[in-house]
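As structure tokens, the structure follows; a few thoughts come after it.
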Amino acid sequence: MTALEGVRVLDMTHVQSGPSATQILAWLGADVVKLEAPTGDITRRQLRDVDDADSLYFTMLNCNKRSITLNMKSERGKEIFADLVADSDVLVENFGPGTVDRMGFTWERLREINPRLVYASIKGFGDGPYTHYKAYEVVAQAMGGSMSTTGFEDGPPLATGAQIGDSGTGIHTVAGILAALLQRAQTGRGQRVSVAMQHAVLNLCRVKLRDQQRLAHGPLREYPNAAFGDEVPRSGNASGGGQPGWAVRCKPGGPNDYIYVIVQPQGWAPVARLLGRPELVEDPDWATPEARLSKLDKMFSMIEEWTLGLDKWSVLAALNEHNIPCGPILSTQEIIEDASLAANDMIVTVDHPERGAFKTVGCPIKLSDSPVRVDRSPLLGEHTAEIFRDRLGIGETELAELKSNGVI
């Protein structure tokens with residue numbers, strides 16, 4: 001048995017924020033039916049690397065789902081959609097504000113059709129002046145607090161490589177949906193779940209809002225910055241917490257030959273000895289965290305002089321012998337080839353009938369009684385006949401008519 005066995009999800013999402021959420025629901029065992037226009041999710045064709053096959057953009061965000069097509073502009077399409085809503089537990093969409101309403105399906109109408117429905121909407125922004133602005137991954141990062149605090153002090157604001165605006169919003173949406181389903185078990189009623197991309201990014205930037213308020217009481221001593229103004233500065237690779245950390249270079253000096261090292265109070269003595277500077281353990285200018293705070297740049301420069309003579313894996317082994325927190329900077333190639341990630345089903349190989357085998361990310365949520373199997377993404381409309389026949393009772397004759405009339 002899977003964790004969400006029996007939960008039916010009608011997935012009207014596209015691109016990334018919505019599909020990332022519904023894919024997790026599918027991984028956890030929900031029957032996720034992806035409803036697409038007859039032309040399909042736009043990402044089926046975006047950034048294609050194999051001609052006439054669904055792109056990796058699509059396949060890596062839509063595993064374990066079933067696909068149907070439906071023309072929501074047709075009256076029969078709207079009738080079928082209403083029947084699907086009545087037969088579903090969850091509806092998820094990430095259209096622009098008001099799009100589903102303009103189709104004739106306001107929240108009030110959806111609730112009439114199915115009072116138990118959990119209706120989840122992902123938008124760029126909450127109610128207010130930004131409501132109708134278009135939002136994309138980096139726009140959400142820009143307006144959620146991430147970009148202003150990412151980068152080096154003398155450089156421009158930077159986007160993160162992690163998709164915190166899209167997939168980060170997706171996982172927040174999953175939490176909301178699961179909470180609503182749990183509450184429904186007690187009340188029998190569904191409810192709206194609304195998640196804004198800007199809000200999700202902000203939730204992931206809470207430590208920077210913490211530091212914004214700390215500035216009222218003076219400089220942020222654990223930051224490497226020389227000066228502070230009225231707002232939290234960009235601080236390069238500083239850890240952002242109470243323990244100083246930095247990415248230091250390793251041999252042979254390639255773009256990802258770095259290791260991130262955190263120096264805790266109890267870690268200073270073994271670090272000093274590894275550097276060949278045991279006298280610094282007792283030196284009052286270095287012995288305490290307070291003494292080191294004013295010269296973190298010099299401390300990490302000394303560490304880097306040592307790491308430049310070793311590759312990152314050797315540094316990793318040496319530091320871990322002394323329980324010093326650290327981690328090598330793994331490139332995308334190293335990650336996709338990492339044996340431990342494969343062993344943990346976090347890098348999985350999936351066969352696809354059009355593009356052949358491809359690698360994708362597995363489910364990061366591990367449940368002891370509900371293991372996840374990653375299945376391929378569906379072809380466009382692959383399950384239309386099956387779902388319309390089995391769930392809605394539509395016969396072969398009408399299916400043929402629907403196809404000829406452009407409804408599916």
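All residue names refer to the structure tokens as shown: chains lettered A, B, ... in order, residues numbered from 1 in each chain, ligands numbered from 1 in order.
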Write out as a list in words each polymer residue whose atoms come within 9 Å of Ala30 in chain A, counting only C-alpha atoms; drop sequence neighbours fewer than 2 positions from it.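 My list of contacting residues is Thr2, Ala3, Leu4, Glu5, Gly6, Val7, Arg8, Val9, Thr22, Ile24, Leu25, Ala26, Trp27, Leu28, Val32 and Lys65 of chain A.
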Using only C-alpha atoms, which residues sit within 9 Å of range 267-281 of chain A once same-chain residues fewer than 2 positions away are excluded, as a PyMOL selection string? chain A and resi 262-265+283-289+302-303+305-307+318-319+322-325
Mind writing the picked residues with N, CA, C and O atoms as a CSV table (one decimal), in the first residue's frame?
chain,number,residue,atom,x,y,z
A,262,ILE,N,33.3,24.3,7.8
A,262,ILE,CA,32.8,25.0,8.9
A,262,ILE,C,33.7,24.8,10.2
A,262,ILE,O,34.0,23.7,10.5
A,263,VAL,N,34.1,25.9,10.8
A,263,VAL,CA,35.0,25.8,12.0
A,263,VAL,C,34.1,26.1,13.2
A,263,VAL,O,33.8,27.2,13.6
A,264,GLN,N,33.8,25.0,13.9
A,264,GLN,CA,33.1,25.1,15.2
A,264,GLN,C,34.1,25.4,16.3
A,264,GLN,O,35.3,25.1,16.1
A,265,PRO,N,33.7,25.8,17.5
A,265,PRO,CA,34.7,26.0,18.5
A,265,PRO,C,35.5,24.8,18.8
A,265,PRO,O,36.7,24.9,19.0
A,283,ASP,N,47.2,30.1,21.3
A,283,ASP,CA,47.4,31.5,21.0
A,283,ASP,C,46.2,32.3,21.3
A,283,ASP,O,45.1,32.1,20.7
A,284,PRO,N,46.3,33.3,22.2
A,284,PRO,CA,45.1,34.1,22.6
A,284,PRO,C,44.5,34.8,21.4
A,284,PRO,O,43.3,35.2,21.4
A,285,ASP,N,45.3,35.1,20.4
A,285,ASP,CA,44.7,35.8,19.2
A,285,ASP,C,43.9,34.9,18.3
A,285,ASP,O,43.2,35.3,17.4
A,286,TRP,N,44.0,33.5,18.6
A,286,TRP,CA,43.3,32.6,17.7
A,286,TRP,C,42.4,31.5,18.5
A,286,TRP,O,41.6,30.8,18.0
A,287,ALA,N,42.7,31.4,19.8
A,287,ALA,CA,42.2,30.3,20.6
A,287,ALA,C,40.6,30.3,20.7
A,287,ALA,O,40.1,29.2,20.9
A,288,THR,N,40.0,31.4,20.7
A,288,THR,CA,38.6,31.4,21.0
A,288,THR,C,37.8,31.9,19.7
A,288,THR,O,38.3,32.6,18.9
A,289,PRO,N,36.5,31.5,19.6
A,289,PRO,CA,35.7,32.0,18.5
A,289,PRO,C,35.6,33.5,18.4
A,289,PRO,O,35.7,34.1,17.3
A,302,MET,N,44.4,30.6,5.5
A,302,MET,CA,45.3,29.6,6.1
A,302,MET,C,44.8,28.2,5.7
A,302,MET,O,45.6,27.3,5.3
A,303,ILE,N,43.5,28.0,5.9
A,303,ILE,CA,43.0,26.7,5.6
A,303,ILE,C,43.1,26.4,4.1
A,303,ILE,O,43.5,25.3,3.7
A,305,GLU,N,45.5,27.5,2.1
A,305,GLU,CA,46.9,27.1,1.8
A,305,GLU,C,47.1,25.6,2.0
A,305,GLU,O,47.8,25.0,1.2
A,306,TRP,N,46.4,25.0,2.9
A,306,TRP,CA,46.5,23.6,3.2
A,306,TRP,C,45.7,22.8,2.1
A,306,TRP,O,46.2,21.9,1.5
A,307,THR,N,44.5,23.2,1.9
A,307,THR,CA,43.6,22.4,0.9
A,307,THR,C,44.1,22.5,-0.5
A,307,THR,O,43.8,21.6,-1.3
A,318,ALA,N,40.3,13.8,5.5
A,318,ALA,CA,41.1,14.3,6.6
A,318,ALA,C,40.2,15.1,7.7
A,318,ALA,O,40.3,14.9,8.9
A,319,LEU,N,39.3,15.9,7.2
A,319,LEU,CA,38.4,16.7,8.1
A,319,LEU,C,37.4,15.8,8.8
A,319,LEU,O,37.2,16.0,10.0
A,322,HIS,N,38.2,14.0,12.1
A,322,HIS,CA,38.2,14.9,13.3
A,322,HIS,C,36.8,15.4,13.5
A,322,HIS,O,36.6,16.3,14.3
A,323,ASN,N,35.8,14.9,12.8
A,323,ASN,CA,34.4,15.3,12.9
A,323,ASN,C,34.2,16.8,12.6
A,323,ASN,O,33.4,17.4,13.3
A,324,ILE,N,34.9,17.3,11.7
A,324,ILE,CA,34.8,18.7,11.3
A,324,ILE,C,33.8,18.8,10.2
A,324,ILE,O,33.9,18.2,9.1
A,325,PRO,N,32.7,19.6,10.3
A,325,PRO,CA,31.7,19.7,9.3
A,325,PRO,C,32.3,20.2,8.0
A,325,PRO,O,33.0,21.3,8.0
Range 339-351 of chain A surroundings by only C-alpha atoms, 8 Å radius, close-in-sequence under 2 positions cut, as a list in words: Ile335, Ile336, Glu337, Pro353, Gly356, Ala357, Phe358, Lys359, Thr360, Val361, Gly362, Cys363, Pro364, Val374, Asp375 and Arg376 of chain A
Expected file: the selected residues, all heavy atoms, as a short mmCIF file (atom, residue, chain, number, x, y, z; two decimals), in the first residue's frame:
data_model
loop_
_atom_site.label_atom_id
_atom_site.label_comp_id
_atom_site.auth_asym_id
_atom_site.auth_seq_id
_atom_site.Cartn_x
_atom_site.Cartn_y
_atom_site.Cartn_z
N ILE A 335 27.24 14.61 -9.35
CA ILE A 335 25.99 14.23 -8.71
C ILE A 335 25.28 13.15 -9.51
O ILE A 335 24.80 12.15 -8.95
CB ILE A 335 25.08 15.47 -8.54
CG1 ILE A 335 25.62 16.34 -7.40
CG2 ILE A 335 23.63 15.06 -8.28
CD1 ILE A 335 24.91 17.66 -7.25
N ILE A 336 25.19 13.31 -10.82
CA ILE A 336 24.44 12.35 -11.62
C ILE A 336 25.14 10.99 -11.68
O ILE A 336 24.52 9.97 -11.98
CB ILE A 336 24.19 12.92 -13.04
CG1 ILE A 336 22.90 12.33 -13.63
CG2 ILE A 336 25.37 12.68 -13.97
CD1 ILE A 336 22.41 13.05 -14.87
N GLU A 337 26.46 10.98 -11.34
CA GLU A 337 27.23 9.72 -11.33
C GLU A 337 27.50 9.23 -9.91
O GLU A 337 28.20 8.23 -9.73
CB GLU A 337 28.55 9.93 -12.07
CG GLU A 337 28.37 10.23 -13.56
CD GLU A 337 29.68 10.57 -14.26
OE1 GLU A 337 30.72 10.70 -13.55
OE2 GLU A 337 29.67 10.70 -15.50
N PRO A 353 9.41 5.44 -23.85
CA PRO A 353 9.21 4.82 -25.18
C PRO A 353 9.68 5.67 -26.34
O PRO A 353 9.95 5.13 -27.42
CB PRO A 353 7.69 4.61 -25.23
CG PRO A 353 7.12 5.58 -24.24
CD PRO A 353 8.15 5.69 -23.16
N GLY A 356 14.03 6.90 -24.93
CA GLY A 356 14.92 5.91 -24.35
C GLY A 356 15.16 6.19 -22.87
O GLY A 356 14.41 6.93 -22.24
N ALA A 357 16.22 5.63 -22.33
CA ALA A 357 16.50 5.78 -20.90
C ALA A 357 17.01 7.18 -20.59
O ALA A 357 17.78 7.76 -21.35
CB ALA A 357 17.53 4.74 -20.46
N PHE A 358 16.57 7.73 -19.46
CA PHE A 358 17.09 8.99 -18.98
C PHE A 358 17.19 8.93 -17.46
O PHE A 358 16.54 8.11 -16.80
CB PHE A 358 16.21 10.17 -19.41
CG PHE A 358 14.85 10.20 -18.77
CD1 PHE A 358 14.60 10.95 -17.62
CD2 PHE A 358 13.79 9.49 -19.31
CE1 PHE A 358 13.34 10.99 -17.04
CE2 PHE A 358 12.52 9.51 -18.73
CZ PHE A 358 12.30 10.26 -17.59
N LYS A 359 18.01 9.80 -16.91
CA LYS A 359 18.15 9.86 -15.46
C LYS A 359 17.33 11.02 -14.92
O LYS A 359 17.20 12.07 -15.55
CB LYS A 359 19.62 10.02 -15.06
CG LYS A 359 20.45 8.77 -15.33
CD LYS A 359 21.86 8.91 -14.77
CE LYS A 359 22.65 7.61 -14.98
NZ LYS A 359 24.01 7.68 -14.42
N THR A 360 16.78 10.81 -13.73
CA THR A 360 15.99 11.86 -13.10
C THR A 360 16.20 11.80 -11.60
O THR A 360 16.84 10.88 -11.08
CB THR A 360 14.50 11.72 -13.45
OG1 THR A 360 13.80 12.90 -13.02
CG2 THR A 360 13.87 10.49 -12.81
N VAL A 361 15.68 12.80 -10.93
CA VAL A 361 15.77 12.86 -9.47
C VAL A 361 14.67 12.01 -8.86
O VAL A 361 13.52 12.06 -9.31
CB VAL A 361 15.65 14.32 -8.99
CG1 VAL A 361 15.70 14.39 -7.48
CG2 VAL A 361 16.76 15.17 -9.60
N GLY A 362 15.01 11.24 -7.84
CA GLY A 362 14.03 10.44 -7.15
C GLY A 362 13.33 11.20 -6.05
O GLY A 362 13.59 12.39 -5.82
N CYS A 363 12.45 10.54 -5.35
CA CYS A 363 11.66 11.18 -4.29
C CYS A 363 12.52 11.39 -3.04
O CYS A 363 13.07 10.42 -2.51
CB CYS A 363 10.44 10.34 -3.95
SG CYS A 363 9.37 11.10 -2.72
N PRO A 364 12.64 12.63 -2.55
CA PRO A 364 13.46 12.88 -1.37
C PRO A 364 12.77 12.51 -0.06
O PRO A 364 13.39 12.52 0.99
CB PRO A 364 13.73 14.38 -1.43
CG PRO A 364 12.51 14.92 -2.12
CD PRO A 364 12.09 13.87 -3.11
N VAL A 374 9.69 5.13 -9.12
CA VAL A 374 9.60 6.20 -10.10
C VAL A 374 9.29 5.60 -11.47
O VAL A 374 10.08 4.81 -12.01
CB VAL A 374 10.91 7.01 -10.16
CG1 VAL A 374 10.83 8.08 -11.25
CG2 VAL A 374 11.18 7.66 -8.80
N ASP A 375 8.12 5.94 -12.00
CA ASP A 375 7.71 5.49 -13.33
C ASP A 375 7.83 6.64 -14.31
O ASP A 375 7.85 7.81 -13.93
CB ASP A 375 6.26 4.99 -13.29
CG ASP A 375 6.08 3.79 -12.38
OD1 ASP A 375 6.98 2.92 -12.36
OD2 ASP A 375 5.06 3.71 -11.67
N ARG A 376 7.84 6.32 -15.58
CA ARG A 376 8.04 7.35 -16.61
C ARG A 376 6.85 8.31 -16.66
O ARG A 376 5.75 8.02 -16.19
CB ARG A 376 8.24 6.69 -17.97
CG ARG A 376 6.97 6.01 -18.50
CD ARG A 376 7.14 5.63 -19.97
NE ARG A 376 6.03 4.85 -20.47
CZ ARG A 376 4.91 5.39 -20.97
NH1 ARG A 376 4.75 6.70 -20.99
NH2 ARG A 376 3.95 4.62 -21.44
#
Identify, with DSSP run on backbone atoms, the residues in range 26-192 of chain A assigned to helix (DSSP H, G or I), and express the list as a ChimeraX atom specification. /A:26-27,42-44,56-59,75-86,99-102,107-113,137-143,147-149,167-187
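Comparing the minimum interatomic distances between Gly40 in chain A and each of A:Ile68, A:Ala21, A:Asp11, A:Asp369, counting only C-alpha atoms, we find that A:Ile68 sits nearest.
You will find CA of Glu137 in chain A at 12.5 Å from CA of Leu158 in chain A.
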